[in-house]
file protein35.cif (mmCIF, C-alpha atoms)
data_start
loop_
_atom_site.label_atom_id
_atom_site.label_comp_id
_atom_site.auth_asym_id
_atom_site.auth_seq_id
_atom_site.Cartn_x
_atom_site.Cartn_y
_atom_site.Cartn_z
CA MET A 1 0.00 0.00 0.00
CA THR A 2 1.46 3.35 -1.09
CA THR A 3 1.43 6.38 1.18
CA GLN A 4 0.17 9.55 -0.44
CA ARG A 5 2.48 12.52 -0.36
CA PRO A 6 1.40 15.27 2.06
CA LEU A 7 0.00 18.44 0.56
CA ASN A 8 2.04 21.51 1.37
CA ALA A 9 0.91 24.14 3.85
CA ALA A 10 -0.07 26.59 1.10
CA VAL A 11 -2.63 24.11 -0.21
CA TRP A 12 -4.06 23.66 3.29
CA PHE A 13 -4.25 27.43 3.67
CA ALA A 14 -6.17 27.60 0.39
CA ILE A 15 -8.53 24.83 1.54
CA GLY A 16 -9.25 26.78 4.70
CA ALA A 17 -9.88 29.97 2.71
CA ALA A 18 -12.22 28.09 0.37
CA GLY A 19 -14.14 26.70 3.36
CA ALA A 20 -14.59 30.20 4.75
CA ILE A 21 -15.88 31.43 1.38
CA VAL A 22 -18.38 28.56 1.26
CA GLY A 23 -19.56 29.66 4.69
CA LEU A 24 -20.19 33.20 3.41
CA LEU A 25 -22.02 32.07 0.25
CA PRO A 26 -25.62 32.35 1.54
CA TRP A 27 -25.00 36.02 2.29
CA LEU A 28 -23.01 36.70 -0.88
CA VAL A 29 -25.72 35.29 -3.16
CA THR A 30 -28.22 37.81 -1.77
CA GLY A 31 -26.08 40.62 -3.18
CA ALA A 32 -24.26 41.29 0.11
CA ARG A 33 -25.79 44.72 0.61
CA LEU A 34 -25.34 46.07 4.13
CA PRO A 35 -28.65 45.91 6.02
CA LEU A 36 -30.28 49.20 6.91
CA GLN A 37 -28.91 50.67 10.13
CA ASN A 38 -31.14 52.06 12.88
CA LEU A 39 -28.42 54.52 13.88
CA GLY A 40 -27.22 55.47 10.42
CA ALA A 41 -28.15 56.99 7.09
CA GLY A 42 -28.91 55.31 3.81
CA SER A 43 -31.71 53.60 1.93
CA VAL A 44 -32.16 50.12 0.49
CA GLY A 45 -30.97 51.12 -2.96
CA ASP A 46 -27.70 52.79 -1.94
CA MET A 47 -26.40 50.60 0.88
CA PRO A 48 -22.76 49.57 0.30
CA LEU A 49 -21.48 46.05 -0.17
CA ALA A 50 -20.60 44.27 3.07
CA LEU A 51 -19.03 40.84 3.29
CA LEU A 52 -20.94 40.18 6.53
CA PRO A 53 -24.47 41.36 7.41
CA PHE A 54 -23.39 43.80 10.13
CA SER A 55 -26.68 44.35 11.94
CA GLN A 56 -28.39 43.49 15.21
CA TYR A 57 -31.10 41.82 13.15
CA TYR A 58 -28.62 39.43 11.55
CA LEU A 59 -26.61 38.26 14.56
CA THR A 60 -27.59 34.61 14.22
CA SER A 61 -26.76 34.80 10.53
CA ILE A 62 -23.29 36.12 11.37
CA VAL A 63 -22.74 33.20 13.75
CA ALA A 64 -23.95 30.72 11.14
CA LEU A 65 -21.88 32.14 8.28
CA LEU A 66 -18.67 32.00 10.31
CA VAL A 67 -19.21 28.70 12.12
CA VAL A 68 -20.37 26.78 9.03
CA GLY A 69 -17.36 28.03 7.07
CA SER A 70 -15.06 26.73 9.78
CA ALA A 71 -16.93 23.41 9.86
CA VAL A 72 -16.58 22.98 6.08
CA ALA A 73 -12.84 23.51 6.37
CA GLY A 74 -12.69 21.09 9.30
CA ILE A 75 -14.50 18.38 7.32
CA ALA A 76 -12.05 18.85 4.45
CA GLY A 77 -9.16 18.67 6.90
CA ARG A 78 -10.41 15.40 8.38
CA ALA A 79 -11.06 13.91 4.94
CA LEU A 80 -7.48 14.73 3.93
CA ALA A 81 -5.91 13.64 7.22
CA ASP A 82 -3.56 11.20 5.47
CA ARG A 83 -2.18 14.09 3.40
CA ARG A 84 -1.76 16.53 6.27
CA PRO A 85 1.74 18.04 6.49
CA ARG A 86 3.37 19.28 9.64
CA HIS A 87 1.44 22.35 10.81
CA GLY A 88 -1.25 21.54 8.24
CA THR A 89 -4.09 22.20 10.67
CA LEU A 90 -2.53 25.54 11.61
CA ALA A 91 -2.41 26.50 7.92
CA LEU A 92 -6.02 25.35 7.51
CA ALA A 93 -7.20 27.49 10.42
CA ALA A 94 -5.12 30.43 9.18
CA GLY A 95 -6.82 30.26 5.79
CA VAL A 96 -10.26 30.30 7.39
CA LEU A 97 -9.44 33.16 9.74
CA ALA A 98 -7.77 35.22 7.01
CA VAL A 99 -10.95 35.29 4.92
CA GLN A 100 -13.27 35.71 7.88
CA LEU A 101 -11.24 38.55 9.41
CA ILE A 102 -11.16 40.35 6.07
CA ALA A 103 -14.94 40.01 5.86
CA ALA A 104 -15.41 41.20 9.44
CA VAL A 105 -13.12 44.21 9.12
CA GLN A 106 -14.60 45.25 5.77
CA ALA A 107 -18.18 45.03 7.08
CA THR A 108 -17.25 46.93 10.25
CA LEU A 109 -15.58 49.76 8.33
CA VAL A 110 -18.45 50.33 5.88
CA THR A 111 -20.94 50.22 8.75
CA ARG A 112 -19.03 52.69 10.89
CA ALA A 113 -18.90 55.09 7.95
CA LEU A 114 -22.72 55.23 7.96
CA LEU A 115 -23.42 55.39 11.68
CA GLU A 116 -24.07 58.53 13.67
CA ALA A 117 -21.38 59.77 16.04
CA SER A 118 -22.90 58.81 19.38
CA SER A 119 -22.35 56.58 22.37
CA ARG A 120 -25.30 54.44 21.25
CA ALA A 121 -23.63 53.82 17.90
CA ALA A 122 -20.36 52.93 19.62
CA LEU A 123 -22.17 50.53 21.95
CA TYR A 124 -24.04 48.96 19.04
CA THR A 125 -20.85 48.52 17.01
CA GLY A 126 -19.04 47.02 19.97
CA ALA A 127 -21.87 44.56 20.63
CA VAL A 128 -21.94 43.29 17.05
CA ILE A 129 -18.13 43.07 16.98
CA ALA A 130 -18.28 41.03 20.20
CA VAL A 131 -20.67 38.58 18.52
CA ILE A 132 -18.28 38.34 15.56
CA ILE A 133 -15.32 37.63 17.85
CA VAL A 134 -17.20 34.95 19.77
CA SER A 135 -18.30 33.42 16.46
CA LEU A 136 -14.69 33.31 15.26
CA LEU A 137 -13.62 31.58 18.47
CA VAL A 138 -16.46 29.06 18.29
CA GLY A 139 -15.72 28.46 14.63
CA THR A 140 -12.06 27.80 15.37
CA LEU A 141 -13.05 25.33 18.09
CA VAL A 142 -15.44 23.59 15.68
CA LEU A 143 -12.72 23.39 13.02
CA LEU A 144 -10.19 21.86 15.42
CA LEU A 145 -12.70 19.36 16.81
CA ILE A 146 -13.78 18.18 13.38
CA ALA A 147 -10.34 18.17 11.78
CA ARG A 148 -8.18 16.71 14.55
CA ALA A 149 -10.15 15.43 17.54
CA PRO A 150 -11.04 11.75 18.12
CA VAL A 151 -14.51 10.68 17.00
CA PRO A 152 -16.35 11.90 20.16
CA GLY A 153 -14.86 15.39 19.81
CA ALA A 154 -15.56 15.47 16.10
CA THR A 155 -19.17 14.45 16.77
CA ILE A 156 -19.59 17.42 19.10
CA GLY A 157 -17.97 19.74 16.55
CA LEU A 158 -20.29 18.55 13.79
CA SER A 159 -23.29 18.94 16.08
CA LEU A 160 -22.34 22.50 16.98
CA ALA A 161 -22.18 23.36 13.29
CA ALA A 162 -25.51 21.59 12.72
CA LEU A 163 -27.20 23.91 15.25
CA VAL A 164 -26.73 26.89 12.93
CA SER A 165 -27.31 25.04 9.66
CA ALA A 166 -30.92 26.19 9.27
CA THR A 167 -29.93 29.82 9.80
CA TRP A 168 -27.06 29.39 7.34
CA ILE A 169 -29.40 28.11 4.62
CA GLY A 170 -32.14 30.54 5.55
CA THR A 171 -29.85 33.55 5.17
CA ALA A 172 -29.94 33.09 1.41
CA PHE A 173 -33.75 33.17 1.39
CA ARG A 174 -34.45 35.59 4.25
CA ASP A 175 -35.90 38.41 2.18
CA LEU A 176 -37.87 36.02 -0.03
CA LEU A 177 -39.42 34.33 3.00
CA LEU A 178 -40.36 37.67 4.52
CA LEU A 179 -42.23 38.64 1.35
CA ALA A 180 -43.67 35.23 0.47
CA PRO A 181 -47.28 34.37 1.34
CA TYR A 182 -47.89 32.21 4.38
CA GLU A 183 -48.76 29.17 2.26
CA VAL A 184 -45.28 29.28 0.74
CA SER A 185 -43.15 30.42 3.67
CA GLN A 186 -44.58 28.13 6.34
CA PRO A 187 -43.61 24.78 4.72
CA VAL A 188 -40.11 26.11 4.02
CA LEU A 189 -39.72 27.31 7.61
CA THR A 190 -40.90 23.93 8.88
CA ILE A 191 -38.26 22.16 6.81
CA LEU A 192 -35.57 24.56 8.00
CA ARG A 193 -36.64 24.02 11.61
CA TRP A 194 -35.96 20.29 11.33
CA ILE A 195 -32.61 20.50 9.55
CA PRO A 196 -30.49 20.90 12.73
CA ALA A 197 -32.12 17.89 14.39
CA VAL A 198 -31.56 15.76 11.28
CA LEU A 199 -27.90 16.79 11.01
CA VAL A 200 -27.24 16.28 14.72
CA GLY A 201 -28.78 12.82 14.38
CA ALA A 202 -26.53 12.13 11.40
CA ALA A 203 -23.46 13.23 13.40
CA ILE A 204 -24.44 10.96 16.30
CA ALA A 205 -25.03 8.06 13.91
CA TRP A 206 -21.60 8.64 12.36
CA GLY A 207 -19.93 8.67 15.76
CA GLY A 208 -21.80 5.62 17.05
CA PHE A 209 -22.06 4.33 20.61
CA ARG A 210 -19.20 1.85 20.84
CA THR A 211 -17.33 3.63 23.64
CA ALA A 212 -18.24 5.66 26.70
CA GLY A 213 -16.74 8.74 25.07
CA ARG A 214 -18.99 8.40 22.03
CA VAL A 215 -22.05 7.95 24.23
CA ALA A 216 -21.08 11.07 26.18
CA ALA A 217 -20.61 12.97 22.91
CA SER A 218 -24.10 11.94 21.85
CA VAL A 219 -25.56 13.22 25.13
CA VAL A 220 -23.71 16.54 24.78
CA SER A 221 -24.89 16.89 21.18
CA LEU A 222 -28.52 16.30 22.13
CA ALA A 223 -28.23 18.75 25.02
CA ALA A 224 -26.81 21.37 22.65
CA LEU A 225 -29.71 20.76 20.26
CA TRP A 226 -32.13 21.34 23.14
CA ILE A 227 -30.63 24.57 24.53
CA GLY A 228 -29.31 25.96 21.24
CA PRO A 229 -32.47 27.80 20.11
CA ALA A 230 -32.81 29.60 23.45
CA PHE A 231 -29.15 30.61 23.36
CA PHE A 232 -29.35 32.03 19.85
CA THR A 233 -32.54 33.91 20.72
CA ALA A 234 -30.73 35.55 23.64
CA VAL A 235 -27.75 36.43 21.43
CA SER A 236 -29.95 38.01 18.75
CA ASN A 237 -31.94 40.10 21.24
CA ALA A 238 -29.13 41.49 23.40
CA PRO A 239 -27.64 44.25 21.19
CA ALA A 240 -31.04 45.49 20.01
CA ARG A 241 -31.72 46.91 23.48
CA GLY A 242 -29.24 49.71 22.91
CA CYS A 243 -30.67 50.83 19.58
CA SER A 244 -33.77 52.90 18.86
CA PRO A 245 -35.94 51.30 16.15
CA ARG A 246 -36.27 54.31 13.85
CA ILE A 247 -35.85 52.06 10.81
CA PRO A 248 -37.53 48.65 10.66
CA PRO A 249 -35.43 45.55 9.89
CA ARG A 250 -35.12 44.42 6.29
#
call {"tool": "encode", "arguments": {"input": "protein35.cif", "output": "structure tokens"}}
result
Amino acid sequence: MTTQRPLNAAVWFAIGAAGAIVGLLPWLVTGARLPLQNLGAGSVGDMPLALLPFSQYYLTSIVALLVVGSAVAGIAGRALADRRPRHGTLALAAGVLAVQLIAAVQATLVTRALLEASSRAALYTGAVIAVIIVSLLVGTLVLLLIARAPVPGATIGLSLAALVSATWIGTAFRDLLLLAPYEVSQPVLTILRWIPAVLVGAAIAWGGFRTAGRVAASVVSLAALWIGPAFFTAVSNAPARGCSPRIPPR
């Protein structure tokens, strides 16, 4: 049996960057126009391009876009484990973070250029940036768990990514679902609601129950599926308290 030659670190960096771009795709396909800002100027037609939806109304989307991108890179890293060079995982993570940090900085800069000069605007910006930072940290953890951890850890990493999968897919159709009649939107929302449970179940089935660690990972994954919706609701509501709703969400 021949051993495949390891891919060099530059290739692993590119794989990580590609994973991050896949994570951003649901937002990019919408046109990537910055959402209207409660504390800023602008109208729907003249909002600038933003690589992340920098808005208190899109916080769960931000989490999903960043975490899913990291998970995609982690899955690729695990699939290519036999071709991993020394420091390959570091290069993989660096590729992901390079793209995601560029997106975060670009979105922050174009948003700040539109916001009023006030303490409320500074608080709002800081709150959204905090969510971005936490999302980057969670995404990095998910990547490492999926790419390098034993099966129980990888199961947990896959399950964490599964929790935001519905939001990730729904980001591409958010505006359409808001405008669609109830008869159209409700079945789609029902399907989206079940996607995390199906994917968590698939991750648990992949991990199996052959060891105590895998059983524990299954319990943790199910617990995360149970408390996840409440957590994301809290995250999405927190920064909105510091903003006056002069402009309705998109």
call {"tool": "atom_distance", "arguments": {"input": "protein35.cif", "atom1": "CA of Gly126 in chain A", "atom2": "CA of Val63 in chain A"}}
result
15.6 Å
call {"tool": "closest_residue", "arguments": {"input": "protein35.cif", "among": "A:Pro229, A:Gly16, A:Pro196, A:Gly40", "to": "Arg112 in chain A", "atoms": "only C-alpha atoms"}}
result
A:Gly40
call {"tool": "resolve_selection", "arguments": {"input": "protein35.cif", "expression": "the PyMOL selection byres ((chain A and resi 154-160) around 6)", "output": "ChimeraX atom specification"}}
result
/A:142,145-146,149,151-153,161-163,200,203,207,217,221
call {"tool": "residues_around", "arguments": {"input": "protein35.cif", "residues": "range 92-100 of chain A", "least_positions_apart": "3", "cutoff": "9 Å", "atoms": "all atoms listed in the file", "output": "PyMOL selection string"}}
result
chain A and resi 9-21+24+51-52+66+69-70+73-74+77+87-89+103-105+136+140+143-144
call {"tool": "atom_distance", "arguments": {"input": "protein35.cif", "atom1": "CA of Ile75 in chain A", "atom2": "CA of Thr108 in chain A"}}
result
28.8 Å
call {"tool": "closest_residue", "arguments": {"input": "protein35.cif", "among": "A:Ile191, A:Arg33, A:Gln106, A:Leu115", "to": "Ala166 in chain A", "atoms": "all atoms listed in the file"}}
result
A:Ile191
call {"tool": "residues_around", "arguments": {"input": "protein35.cif", "residues": "range 174-186 of chain A", "least_positions_apart": "6", "cutoff": "12 Å", "atoms": "all atoms listed in the file", "output": "VMD selection string"}}
result
chain A and resid 26 to 27 29 to 31 35 53 57 to 58 61 166 to 168 192 to 193 249 to 250
call {"tool": "axis_aligned_box", "arguments": {"input": "protein35.cif", "around": "range 179-184 of chain A", "padding_each_side": "5 Å", "output": "lines of an AutoDock Vina configuration file"}}
result
center_x = -45.5
center_y = 33.9
center_z = 2.4
size_x = 16.5
size_y = 19.5
size_z = 13.9
call {"tool": "atom_distance", "arguments": {"input": "protein35.cif", "atom1": "CA of Leu34 in chain A", "atom2": "CA of Phe54 in chain A"}}
result
6.7 Å
call {"tool": "closest_residue", "arguments": {"input": "protein35.cif", "among": "A:Ala50, A:Ala91, A:Ala81, A:Ala76", "to": "Pro6 in chain A", "atoms": "all atoms listed in the file"}}
result
A:Ala81
call {"tool": "closest_residue", "arguments": {"input": "protein35.cif", "among": "A:Ser118, A:Gln37, A:Thr171, A:Thr125", "to": "Leu25 in chain A", "atoms": "only C-alpha atoms"}}
result
A:Thr171
call {"tool": "closest_residue", "arguments": {"input": "protein35.cif", "among": "A:Val198, A:Ala212, A:Leu39, A:Leu65", "to": "Gly139 in chain A", "atoms": "only C-alpha atoms"}}
result
A:Leu65
